[in-house]
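Student: For reference, the file start_39.cif (mmCIF, C-alpha atoms and all ligand atoms) is included below:
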```
data_entry
#
loop_
_atom_site.label_atom_id
_atom_site.label_comp_id
_atom_site.auth_asym_id
_atom_site.auth_seq_id
_atom_site.Cartn_x
_atom_site.Cartn_y
_atom_site.Cartn_z
CA MET R 291 -72.52 -24.52 140.44
CA GLU R 292 -73.29 -27.90 142.00
CA LYS R 293 -74.25 -27.66 145.63
CA GLU R 294 -72.22 -29.72 148.13
CA LYS R 295 -74.23 -32.71 149.33
CA PRO R 296 -75.47 -32.17 152.87
CA ARG R 297 -73.38 -34.33 155.18
CA GLY R 298 -74.99 -36.42 157.87
CA PRO R 299 -73.97 -35.91 161.45
CA LEU R 300 -70.22 -36.25 161.85
CA TYR R 301 -69.31 -39.85 162.64
CA TYR R 302 -66.33 -40.81 164.83
CA ALA R 303 -64.83 -43.31 162.37
CA ASP R 304 -65.18 -40.91 159.43
CA TYR R 305 -63.67 -38.00 161.28
CA LEU R 306 -60.57 -40.06 162.17
CA GLN R 307 -60.53 -41.92 158.84
CA LEU R 308 -60.26 -45.12 160.79
CA ASP R 309 -60.99 -47.26 157.76
CA ARG R 310 -57.71 -46.05 156.20
CA LEU R 311 -55.75 -45.96 159.43
CA LEU R 312 -56.74 -49.42 160.61
CA SER R 313 -56.26 -51.08 157.28
CA SER R 314 -52.72 -49.77 156.89
CA GLN R 315 -50.92 -52.67 158.62
CA ARG R 316 -49.57 -54.94 155.91
CA MET R 317 -47.33 -57.69 157.27
CA GLU R 318 -44.45 -58.59 154.94
CA SER R 319 -44.19 -61.98 156.65
CA ALA R 320 -47.81 -62.71 155.69
CA LEU R 321 -47.10 -61.70 152.11
CA HIS R 322 -44.28 -64.25 152.18
CA GLY R 323 -46.74 -66.90 153.34
CA ARG R 324 -45.49 -67.29 156.95
CA PRO R 325 -47.17 -64.63 159.11
CA ALA R 326 -45.09 -63.69 162.17
CA HIS R 327 -47.26 -62.73 165.11
CA ASP R 328 -44.97 -59.92 166.36
CA GLU R 329 -44.76 -58.11 163.05
CA MET R 330 -48.13 -56.47 163.80
CA LEU R 331 -46.64 -54.91 166.94
CA PHE R 332 -43.54 -53.85 164.98
CA ILE R 333 -45.66 -52.05 162.38
CA ILE R 334 -48.03 -50.41 164.85
CA VAL R 335 -45.20 -49.12 167.04
CA HIS R 336 -43.45 -47.61 164.01
CA GLN R 337 -46.68 -46.05 162.79
CA ALA R 338 -47.34 -44.58 166.24
CA TYR R 339 -43.83 -43.06 166.13
CA GLU R 340 -44.47 -41.54 162.73
CA LEU R 341 -47.74 -40.01 163.95
CA TRP R 342 -45.96 -38.43 166.90
CA PHE R 343 -43.16 -37.24 164.59
CA LYS R 344 -45.88 -35.51 162.58
CA GLN R 345 -47.14 -33.73 165.69
CA ILE R 346 -43.58 -32.70 166.65
CA LEU R 347 -43.11 -31.22 163.16
CA TRP R 348 -46.42 -29.38 163.56
CA GLU R 349 -45.17 -27.77 166.78
CA LEU R 350 -41.73 -27.07 165.31
CA ASP R 351 -43.21 -25.38 162.25
CA ALA R 352 -45.26 -23.09 164.49
CA MET R 353 -42.11 -22.17 166.42
CA LEU R 354 -40.15 -21.54 163.23
CA ALA R 355 -42.91 -19.19 162.05
CA THR R 356 -42.71 -17.26 165.34
CA PHE R 357 -38.96 -16.80 165.27
CA ARG R 358 -38.74 -16.00 161.54
CA GLY R 359 -40.10 -12.52 162.19
CA ALA R 360 -37.85 -9.48 162.59
CA SER R 361 -38.82 -9.38 166.25
CA VAL R 362 -40.61 -11.80 168.54
CA PRO R 363 -43.51 -10.27 170.50
CA GLU R 364 -43.52 -11.17 174.19
CA GLU R 365 -46.92 -12.92 173.93
CA ASP R 366 -45.59 -15.23 171.18
CA LEU R 367 -42.77 -16.32 173.47
CA GLY R 368 -45.34 -17.78 175.86
CA GLN R 369 -46.80 -19.76 172.96
CA ALA R 370 -43.33 -20.98 171.92
CA VAL R 371 -42.79 -22.23 175.47
CA LEU R 372 -46.06 -24.18 175.21
CA HIS R 373 -44.96 -25.75 171.90
CA CYS R 374 -41.70 -26.87 173.54
CA GLU R 375 -43.52 -28.30 176.55
CA ARG R 376 -45.74 -30.33 174.25
CA ILE R 377 -42.77 -31.65 172.28
CA ILE R 378 -41.16 -32.72 175.55
CA GLU R 379 -44.26 -34.65 176.68
CA ILE R 380 -44.41 -36.37 173.29
CA GLN R 381 -40.74 -37.27 173.57
CA ARG R 382 -41.43 -38.91 176.93
CA VAL R 383 -44.01 -41.10 175.20
CA LEU R 384 -41.51 -41.88 172.43
CA ILE R 385 -38.87 -42.97 174.91
CA GLN R 386 -41.34 -45.07 176.88
CA GLN R 387 -42.72 -46.68 173.75
CA VAL R 388 -39.44 -48.55 173.30
CA ASP R 389 -40.56 -50.72 176.25
CA VAL R 390 -43.65 -51.78 174.31
CA LEU R 391 -41.57 -52.89 171.32
CA GLU R 392 -39.17 -54.69 173.63
CA THR R 393 -41.91 -57.09 174.66
CA MET R 394 -40.88 -58.68 171.33
CA THR R 395 -37.95 -61.05 171.88
CA PRO R 396 -34.93 -61.11 169.53
CA LEU R 397 -35.94 -64.58 168.27
CA ASP R 398 -39.45 -63.36 167.42
CA PHE R 399 -37.91 -60.43 165.55
CA LEU R 400 -35.77 -62.84 163.54
CA ASP R 401 -38.98 -64.49 162.29
CA PHE R 402 -39.54 -61.53 159.97
CA ARG R 403 -36.45 -59.31 160.10
CA ASP R 404 -34.98 -60.43 156.79
CA ASP R 405 -38.27 -59.67 155.04
CA LEU R 406 -37.65 -55.98 155.84
CA ILE R 407 -34.28 -55.57 154.06
CA PRO R 408 -33.35 -52.96 152.82
CA ALA R 409 -36.03 -50.86 154.58
CA SER R 410 -34.96 -49.18 157.85
CA GLY R 411 -35.87 -46.37 160.25
CA PHE R 412 -32.82 -44.75 158.66
CA GLN R 413 -35.23 -43.86 155.85
CA SER R 414 -37.69 -42.01 158.12
CA VAL R 415 -38.25 -38.74 156.28
CA GLN R 416 -40.04 -37.15 159.22
CA PHE R 417 -37.16 -37.99 161.57
CA ARG R 418 -34.72 -36.29 159.17
CA LEU R 419 -37.04 -33.29 158.86
CA ILE R 420 -37.14 -32.95 162.65
CA GLU R 421 -33.34 -33.11 162.81
CA ASN R 422 -32.92 -30.55 160.04
CA LYS R 423 -35.59 -28.19 161.32
CA LEU R 424 -33.92 -28.23 164.70
CA GLY R 425 -30.63 -27.35 163.03
CA MET R 426 -28.60 -30.47 162.32
CA ARG R 427 -26.13 -29.75 159.53
CA ARG R 428 -24.97 -32.23 156.91
CA GLN R 429 -21.30 -31.68 157.81
CA ASP R 430 -21.95 -32.62 161.46
CA ARG R 431 -23.50 -35.98 160.60
CA LEU R 432 -21.62 -39.25 160.79
CA GLN R 433 -20.48 -40.27 157.35
CA ILE R 434 -21.82 -43.69 156.28
CA LEU R 435 -19.93 -45.52 153.54
CA ASP R 436 -19.08 -42.13 151.98
CA ALA R 437 -22.71 -41.69 150.89
CA PRO R 438 -24.92 -38.72 151.83
CA TYR R 439 -27.49 -39.52 154.55
CA THR R 440 -30.25 -39.04 151.96
CA SER R 441 -28.79 -41.67 149.60
CA ARG R 442 -31.13 -44.40 150.87
CA LEU R 443 -34.26 -42.30 150.29
CA ARG R 444 -36.53 -42.25 147.26
CA LYS R 445 -35.76 -39.33 144.96
CA GLU R 446 -38.77 -37.22 145.97
CA ASP R 447 -38.17 -37.90 149.68
CA ALA R 448 -34.48 -37.00 149.36
CA ALA R 449 -35.49 -33.75 147.64
CA ARG R 450 -37.87 -32.88 150.50
CA VAL R 451 -35.26 -33.58 153.16
CA GLU R 452 -32.57 -31.68 151.28
CA ALA R 453 -34.90 -28.70 150.81
CA SER R 454 -35.37 -28.57 154.60
CA GLU R 455 -31.60 -28.09 155.01
CA LYS R 456 -31.86 -24.82 153.10
CA GLU R 457 -34.54 -23.28 155.33
CA PRO R 458 -33.42 -21.35 158.43
CA SER R 459 -33.51 -23.87 161.28
CA LEU R 460 -34.66 -23.31 164.85
CA PHE R 461 -30.99 -23.11 165.82
CA ASP R 462 -30.39 -20.30 163.27
CA LEU R 463 -33.47 -18.38 164.36
CA ILE R 464 -32.81 -18.74 168.09
CA GLU R 465 -29.23 -17.60 167.50
CA ARG R 466 -30.47 -14.47 165.70
CA TRP R 467 -33.06 -13.83 168.41
CA LEU R 468 -30.37 -14.12 171.10
CA GLU R 469 -28.06 -11.82 169.17
CA ARG R 470 -30.84 -9.20 169.16
CA THR R 471 -31.24 -9.34 172.96
CA PRO R 472 -31.32 -5.71 174.04
CA PHE R 473 -29.95 -6.31 177.54
CA LEU R 474 -26.32 -6.97 176.67
CA HIS R 475 -25.52 -3.33 177.28
CA PHE R 476 -27.34 -1.50 180.04
CA GLY R 477 -26.49 2.13 179.31
CA ASP R 478 -23.82 3.25 181.80
CA PHE R 479 -23.78 -0.07 183.59
CA ASP R 480 -21.12 -2.24 181.98
CA PHE R 481 -22.42 -5.70 182.79
CA TRP R 482 -19.54 -7.49 181.13
CA ARG R 483 -16.89 -5.57 183.08
CA GLU R 484 -18.69 -6.27 186.37
CA TYR R 485 -19.30 -9.89 185.50
CA ARG R 486 -15.65 -10.34 184.54
CA ARG R 487 -14.57 -8.95 187.90
CA ALA R 488 -16.86 -11.43 189.64
CA VAL R 489 -15.46 -14.29 187.55
CA ASP R 490 -11.85 -13.26 188.27
CA ALA R 491 -12.64 -13.18 191.99
CA MET R 492 -14.28 -16.62 191.77
CA LEU R 493 -11.29 -18.12 189.92
CA ALA R 494 -8.85 -16.54 192.39
CA ALA R 495 -10.86 -18.06 195.25
CA ASP R 496 -10.79 -21.47 193.52
CA ARG R 497 -7.01 -21.27 193.09
CA GLY R 498 -6.60 -20.15 196.70
CA SER R 499 -8.61 -23.05 198.10
CA ILE R 500 -6.64 -25.58 196.04
CA ARG R 501 -3.28 -24.12 197.15
CA SER R 502 -4.29 -24.12 200.82
CA ASN R 503 -5.88 -27.58 200.79
CA PRO R 504 -3.74 -29.69 203.17
CA THR R 505 -5.17 -32.99 201.88
CA LEU R 506 -3.73 -32.53 198.35
CA THR R 507 -0.21 -33.49 197.26
CA GLU R 508 1.79 -30.98 195.19
CA ASP R 509 1.09 -33.03 192.05
CA GLU R 510 -2.64 -33.09 192.74
CA LYS R 511 -2.60 -29.34 193.32
CA ALA R 512 -0.79 -28.80 190.00
CA THR R 513 -3.39 -30.93 188.17
CA GLN R 514 -6.33 -29.11 189.75
CA LEU R 515 -4.75 -25.70 189.10
CA LYS R 516 -4.38 -26.67 185.46
CA GLY R 517 -8.12 -27.40 185.45
CA VAL R 518 -8.84 -23.89 186.78
CA ASP R 519 -6.52 -22.43 184.10
CA ALA R 520 -8.53 -24.25 181.45
CA THR R 521 -11.76 -22.80 182.87
CA ALA R 522 -10.15 -19.34 182.92
CA GLY R 523 -9.19 -19.83 179.26
CA ARG R 524 -12.82 -20.61 178.34
CA PHE R 525 -14.02 -17.50 180.17
CA ALA R 526 -11.36 -15.38 178.41
CA ASP R 527 -12.64 -16.72 175.11
CA LEU R 528 -16.21 -15.82 176.04
CA PHE R 529 -15.19 -12.26 176.93
CA LYS R 530 -13.20 -11.59 173.75
CA GLU R 531 -14.32 -8.33 172.19
CA GLY R 532 -16.01 -8.38 168.77
CA GLY R 533 -15.65 -11.24 166.32
CA SER R 534 -18.48 -13.59 165.59
CA GLU R 535 -16.65 -16.91 165.76
CA PRO R 536 -18.17 -19.32 168.28
CA VAL R 537 -16.62 -19.86 171.71
CA HIS R 538 -16.41 -23.66 171.41
CA ALA R 539 -15.27 -23.60 167.77
CA ALA R 540 -12.81 -26.48 168.31
CA ALA R 541 -15.46 -28.88 169.65
CA PRO R 542 -17.51 -30.84 167.06
CA GLY R 543 -21.12 -29.92 166.31
CA ARG R 544 -23.03 -26.66 166.18
CA HIS R 545 -22.16 -23.64 168.26
CA PHE R 546 -23.76 -20.30 168.90
CA SER R 547 -21.92 -17.13 167.97
CA ARG R 548 -20.19 -15.40 170.89
CA ARG R 549 -22.85 -12.70 171.07
CA ALA R 550 -25.67 -15.25 171.14
CA LEU R 551 -23.89 -17.24 173.83
CA GLN R 552 -23.34 -14.10 175.92
CA ALA R 553 -27.06 -13.30 175.65
CA ALA R 554 -28.01 -16.87 176.64
CA LEU R 555 -25.71 -16.57 179.64
CA LEU R 556 -27.18 -13.26 180.69
CA ILE R 557 -30.71 -14.64 180.38
CA ASN R 558 -29.75 -17.56 182.63
CA LEU R 559 -27.93 -15.49 185.21
CA TYR R 560 -30.66 -12.85 185.52
CA ARG R 561 -33.60 -15.20 184.99
CA ASP R 562 -35.27 -13.88 188.17
CA GLU R 563 -35.91 -10.55 186.43
CA PRO R 564 -39.54 -10.82 185.23
CA ILE R 565 -38.78 -9.93 181.62
CA LEU R 566 -36.29 -12.77 181.37
CA HIS R 567 -38.58 -15.49 182.77
CA LEU R 568 -39.93 -16.64 179.43
CA PRO R 569 -36.62 -16.44 177.54
CA PHE R 570 -35.06 -18.48 180.34
CA ARG R 571 -37.86 -21.09 180.18
CA LEU R 572 -37.49 -21.31 176.43
CA LEU R 573 -33.73 -21.92 176.55
CA ALA R 574 -34.12 -24.53 179.30
CA LEU R 575 -36.81 -26.34 177.30
CA LEU R 576 -34.73 -26.37 174.11
CA SER R 577 -31.97 -27.96 176.10
CA ASP R 578 -34.47 -30.55 177.45
CA ILE R 579 -35.68 -31.30 173.91
CA GLU R 580 -32.11 -31.98 172.88
CA ARG R 581 -31.49 -34.17 175.92
CA ASN R 582 -34.66 -36.16 175.25
CA PHE R 583 -33.65 -36.83 171.66
CA THR R 584 -30.27 -38.05 172.90
CA THR R 585 -32.02 -40.28 175.45
CA TRP R 586 -34.25 -41.69 172.71
CA ARG R 587 -31.22 -42.33 170.50
CA GLN R 588 -29.44 -44.12 173.34
CA ARG R 589 -32.51 -46.15 174.21
CA HIS R 590 -33.03 -47.07 170.57
CA ALA R 591 -29.35 -48.07 170.25
CA GLN R 592 -29.67 -50.35 173.31
CA MET R 593 -32.80 -51.89 171.83
CA ALA R 594 -31.02 -52.49 168.53
CA MET R 595 -28.15 -54.14 170.45
CA ARG R 596 -30.61 -56.35 172.29
CA MET R 597 -32.47 -57.33 169.11
CA ILE R 598 -29.67 -57.77 166.57
CA GLY R 599 -26.46 -57.77 168.66
CA THR R 600 -23.50 -56.64 166.59
CA ARG R 601 -25.06 -57.39 163.19
CA ILE R 602 -25.38 -54.65 160.60
CA GLY R 603 -28.76 -52.89 160.37
CA THR R 604 -31.38 -53.61 157.72
CA GLY R 605 -30.48 -50.20 156.30
CA GLY R 606 -26.84 -51.27 155.95
CA THR R 607 -25.10 -49.21 158.68
CA SER R 608 -22.84 -50.82 161.28
CA GLY R 609 -26.01 -51.08 163.41
CA HIS R 610 -25.59 -50.59 167.15
CA GLU R 611 -22.14 -49.01 166.74
CA TYR R 612 -23.50 -46.36 164.34
CA LEU R 613 -26.50 -45.63 166.58
CA ASP R 614 -24.30 -45.27 169.66
CA ARG R 615 -21.97 -42.82 167.94
CA ALA R 616 -24.91 -40.88 166.50
CA ALA R 617 -26.37 -40.51 170.03
CA GLU R 618 -23.05 -39.09 171.17
CA ARG R 619 -22.56 -36.77 168.26
CA HIS R 620 -25.84 -35.74 166.65
CA LYS R 621 -26.60 -32.72 168.80
CA VAL R 622 -27.75 -29.20 168.02
CA PHE R 623 -28.23 -27.23 171.22
CA ALA R 624 -25.24 -28.62 173.13
CA ASP R 625 -24.07 -25.05 173.90
CA LEU R 626 -27.18 -24.48 176.02
CA SER R 627 -26.44 -27.43 178.28
CA ALA R 628 -22.76 -26.47 178.46
CA LEU R 629 -23.66 -22.94 179.55
CA SER R 630 -23.51 -23.87 183.22
CA SER R 631 -19.68 -23.86 182.94
CA PHE R 632 -20.02 -20.06 182.91
CA PHE R 633 -22.43 -19.71 185.82
CA ILE R 634 -21.39 -17.96 189.00
CA PRO R 635 -23.30 -18.07 192.30
CA ARG R 636 -26.19 -15.62 192.66
CA SER R 637 -24.42 -14.06 195.64
CA ALA R 638 -21.44 -13.13 193.42
CA LEU R 639 -23.54 -11.79 190.54
CA PRO R 640 -23.17 -8.04 189.83
CA LYS R 641 -26.22 -6.21 191.18
CA LEU R 642 -28.25 -4.42 188.53
CA PRO R 643 -28.72 -0.68 189.18
CA PRO R 644 -32.35 0.23 190.09
CA ASP R 645 -33.05 2.06 186.81
CA VAL R 646 -31.88 -0.97 184.80
CA ARG R 647 -34.02 -3.27 186.94
CA SER R 648 -37.08 -1.12 186.53
CA ARG R 649 -36.59 -1.10 182.76
CA MET R 650 -36.34 -4.88 182.80
CA GLY R 651 -39.29 -5.57 185.08
CA PHE R 652 -43.00 -5.79 184.49
CA ARG R 653 -43.78 -3.70 187.52
CA PHE R 654 -47.20 -2.33 188.30
CA GLU R 655 -47.02 1.17 189.73
CA THR R 656 -50.14 2.27 191.68
CA PRO R 657 -51.17 5.71 190.34
CA ARG R 658 -50.91 8.41 193.04
C1 LIG X 1 -36.59 -54.13 166.53
C2 LIG X 1 -36.55 -52.83 166.65
C3 LIG X 1 -35.52 -51.98 165.97
C4 LIG X 1 -34.26 -52.27 165.58
C5 LIG X 1 -33.51 -53.58 165.73
C6 LIG X 1 -33.71 -51.09 164.95
C7 LIG X 1 -32.45 -51.00 164.40
C8 LIG X 1 -31.95 -49.89 163.78
C9 LIG X 1 -30.65 -49.83 163.16
C10 LIG X 1 -29.62 -50.92 163.18
C11 LIG X 1 -30.53 -48.59 162.63
C12 LIG X 1 -29.34 -48.02 161.87
C13 LIG X 1 -29.67 -47.96 160.40
C14 LIG X 1 -29.63 -49.32 159.75
O1 LIG X 1 -28.56 -49.77 159.43
O2 LIG X 1 -30.72 -49.88 159.55
C15 LIG X 1 -31.74 -47.87 162.90
C16 LIG X 1 -31.98 -46.57 162.54
C17 LIG X 1 -33.10 -45.88 162.87
N1 LIG X 1 -34.25 -46.39 163.45
FE1 LIG X 1 -34.43 -48.22 164.26
N2 LIG X 1 -34.65 -50.08 165.01
C18 LIG X 1 -35.77 -50.58 165.62
C19 LIG X 1 -36.93 -49.90 165.87
C20 LIG X 1 -37.16 -48.58 165.55
C21 LIG X 1 -38.37 -47.86 165.84
C22 LIG X 1 -39.60 -48.38 166.57
C23 LIG X 1 -38.22 -46.63 165.33
C24 LIG X 1 -39.25 -45.54 165.37
C25 LIG X 1 -39.50 -44.76 164.36
C26 LIG X 1 -36.90 -46.55 164.71
C27 LIG X 1 -36.38 -45.45 164.09
C28 LIG X 1 -35.13 -45.39 163.57
C29 LIG X 1 -34.57 -44.16 163.07
C30 LIG X 1 -35.22 -42.79 163.03
C31 LIG X 1 -33.28 -44.47 162.63
C32 LIG X 1 -32.24 -43.49 162.06
C33 LIG X 1 -31.37 -43.04 163.23
C34 LIG X 1 -30.21 -42.16 162.85
O3 LIG X 1 -29.74 -42.18 161.68
O4 LIG X 1 -29.72 -41.45 163.73
N3 LIG X 1 -36.30 -47.76 164.87
N4 LIG X 1 -32.60 -48.69 163.60
#
```
Do you think you could lay out the structure here as structure tokens?
Ligand code: HEM

Tutor:
Amino acid sequence: MEKEKPRGPLYYADYLQLDRLLSSQRMESALHGRPAHDEMLFIIVHQAYELWFKQILWELDAMLATFRGASVPEEDLGQAVLHCERIIEIQRVLIQQVDVLETMTPLDFLDFRDDLIPASGFQSVQFRLIENKLGMRRQDRLQILDAPYTSRLRKEDAARVEASEKEPSLFDLIERWLERTPFLHFGDFDFWREYRRAVDAMLAADRGSIRSNPTLTEDEKATQLKGVDATAGRFADLFKEGGSEPVHAAAPGRHFSRRALQAALLINLYRDEPILHLPFRLLALLSDIERNFTTWRQRHAQMAMRMIGTRIGTGGTSGHEYLDRAAERHKVFADLSALSSFFIPRSALPKLPPDVRSRMGFRFETPR
């Protein structure tokens, strides 16, 4: 067998393959014989995004591997929290990077924009993979000209994106993990009965303070009481026994099963118990990841408005209008941010019996 040639000392440019990376900026405007200065920025910003998308996918894949198992060891949860924190820092860069691209004025963009048709960020395979791996479903996407969202992709790219829809997403795996939470029933202590009592007391107090508020007219009182009734209805739905249908089934988008939502609520309410610290962090970070993607979508939609006004996009959507609606609608973990509707003050929270607390805690007992 031929021996591998001994390599010289590792060289910075070789390690990073800078020759390939730095010769990968081909300006369409130059190919058309009228180079537009700002197209270099446009390409480099897009490439930087795609590199960061790659890193986000790398972190997401590691998280998916962790949660695919039949159980998630406590030490892996800490690692999952670190993956989320990294994604969040990258997202901050992604949001901020819009400012760099916006140093290009709309007129400068028009110098080369038509050379790009029909290419568009709409064809970013990595962006679609991120969405699908997080848990975006085809049926929750905005419909564009009655064509599937993969219709503008090359065949092999469309196949890759469609294959990712079939894999269990982070949403699916987190839902299963929540459903397995062992703390929903604490032996003799019926958490749900106690919690329900506390909620009923809170709603009764809310109604009482509206009725006795001298600054409200009768009509205003009736409106506010209706609001409390609606809240009570949502709680009643959360408490329904059995059944796996989601609590917010009528609202668009993805929703956790009732059991998963109950577990997420419990984790949030009792987050001060040591064993729930990491699960609580994880849920909060997933909600932050979702919020950051929405912020990016909104920021990108504003940029598109600034650059092309109300024109259609190079990819053929309605442009700004599509992007704005997508920011509103394309969400996965909305249930986690909406969970606060079910929070009650710590002071009203049912106290956990000592034996339950000691089973939940990481407590160090000094040997006698
Ligand atoms: C001058 C700057 C930009 C303008 C005017 C612009 C405009 C648009 C428009 C109008 C769309 C809708 C699809 C279409 O009809 O083409 C779109 C989609 C998209 N763009 Fe941009 N874009 C810009 C920069 C960027 C950058 C820097 C990225 C970074 C990767 C990006 C990523 C995307 C993605 C991922 C989509 C799909 C969004 C979705 O379907 O939810 N765009 N863009």

Student: Expressed in Å to a single decimal, how great is the separation between CA of Ala360 in chain R and CA of Gln552 in chain R?

Tutor: 20.2 Å

Student: Determine the nearest neighbour of ligand LIG 1 (chain X) from the options R:Pro396, R:Pro640, R:Pro363, R:Pro472, counting all atoms listed in the file.

Tutor: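 The closest residue to ligand LIG 1 (chain X) is R:Pro396.
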
Student: Enclose all atoms of ligand LIG 1 (chain X) listed in the file in an axis-aligned box, grow every side by 3 Å, and hand back centre and edge lengths in Å to one decimal, as lines of an AutoDock Vina configuration file.

Tutor:
```
center_x = -34.1
center_y = -47.8
center_z = 163.0
size_x = 17.0
size_y = 18.7
size_z = 13.2
```

Student: Excluding range 419-422 of chain R and any residue of its chain fewer than 3 positions from it, enumerate the residues within 8 Å of it, using only C-alpha atoms, and give them as a VMD selection string.

Tutor: chain R and resid 343 346 to 347 350 415 to 416 425 to 427 451 454 to 455 459

Student: Got time to write the residues from that selection, C-alpha atoms, as a PDB file, in the coordinates of the input?

Tutor:
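Result saved to result03.pdb:
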```pdb
ATOM      1  CA  PHE R 343     -43.160 -37.240 164.590  1.00  0.00           C
ATOM      2  CA  ILE R 346     -43.580 -32.700 166.650  1.00  0.00           C
ATOM      3  CA  LEU R 347     -43.110 -31.220 163.160  1.00  0.00           C
ATOM      4  CA  LEU R 350     -41.730 -27.070 165.310  1.00  0.00           C
ATOM      5  CA  VAL R 415     -38.250 -38.740 156.280  1.00  0.00           C
ATOM      6  CA  GLN R 416     -40.040 -37.150 159.220  1.00  0.00           C
ATOM      7  CA  GLY R 425     -30.630 -27.350 163.030  1.00  0.00           C
ATOM      8  CA  MET R 426     -28.600 -30.470 162.320  1.00  0.00           C
ATOM      9  CA  ARG R 427     -26.130 -29.750 159.530  1.00  0.00           C
ATOM     10  CA  VAL R 451     -35.260 -33.580 153.160  1.00  0.00           C
ATOM     11  CA  SER R 454     -35.370 -28.570 154.600  1.00  0.00           C
ATOM     12  CA  GLU R 455     -31.600 -28.090 155.010  1.00  0.00           C
ATOM     13  CA  SER R 459     -33.510 -23.870 161.280  1.00  0.00           C
TER      14      SER R 459
END
```

Student: Extract, using only C-alpha atoms, all DNA, RNA and protein residues at most 9 Å from His590 in chain R, discarding same-chain residues fewer than 2 positions from it, and format them as a VMD selection string.

Tutor: chain R and resid 385 388 585 to 588 592 to 595 610 613 to 614

Student: Between CA of Trp482 in chain R and CA of Arg649 in chain R, what is the spacing in Å?

Tutor: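 CA of Trp482 in chain R lies at a distance of 18.3 Å from CA of Arg649 in chain R.
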
Student: What lies within 12 Å of Pro643 in chain R using all atoms listed in the file, ignoring chain neighbours under 5 positions off, as a PyMOL selection string?

Tutor: chain R and resi 476-481+484+648-650

Student: Can you write out as a tab-separated table which residues of range 442-512 of chain R fall within 9 Å of range 624-638 of chain R, alongside each residue's closest atom pair and its distance in Å to one decimal, counting all atoms listed in the file and ordering rows by chain and ascending residue number?

Tutor:
```
residue	atom	partner	partner_atom	distance
R:Tyr485	CA	R:Ala638	CA	8.8
R:Ala488	CA	R:Ala638	CA	6.2
R:Val489	CA	R:Ile634	CA	7.1
R:Ala491	CA	R:Ala638	CA	8.9
R:Met492	CA	R:Ile634	CA	7.7
```

Student: Quick one: distance from CA of Lys456 in chain R to CA of Tyr439 in chain R in Å, one decimal?

Tutor: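 So the answer is 15.4 Å.
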
Student: Which residue is closest to Tyr560 in chain R? Choose from R:Leu311, R:Ala453, R:Leu639, R:Val362 and count only C-alpha atoms.

Tutor: R:Leu639

Student: Find the residues around Leu406 in chain R up to 9 Å (all atoms listed in the file counted), leave out those fewer than 3 positions away in its own chain, and share them as a PyMOL selection string.

Tutor: chain R and resi 318-319+402-403+409-410+604
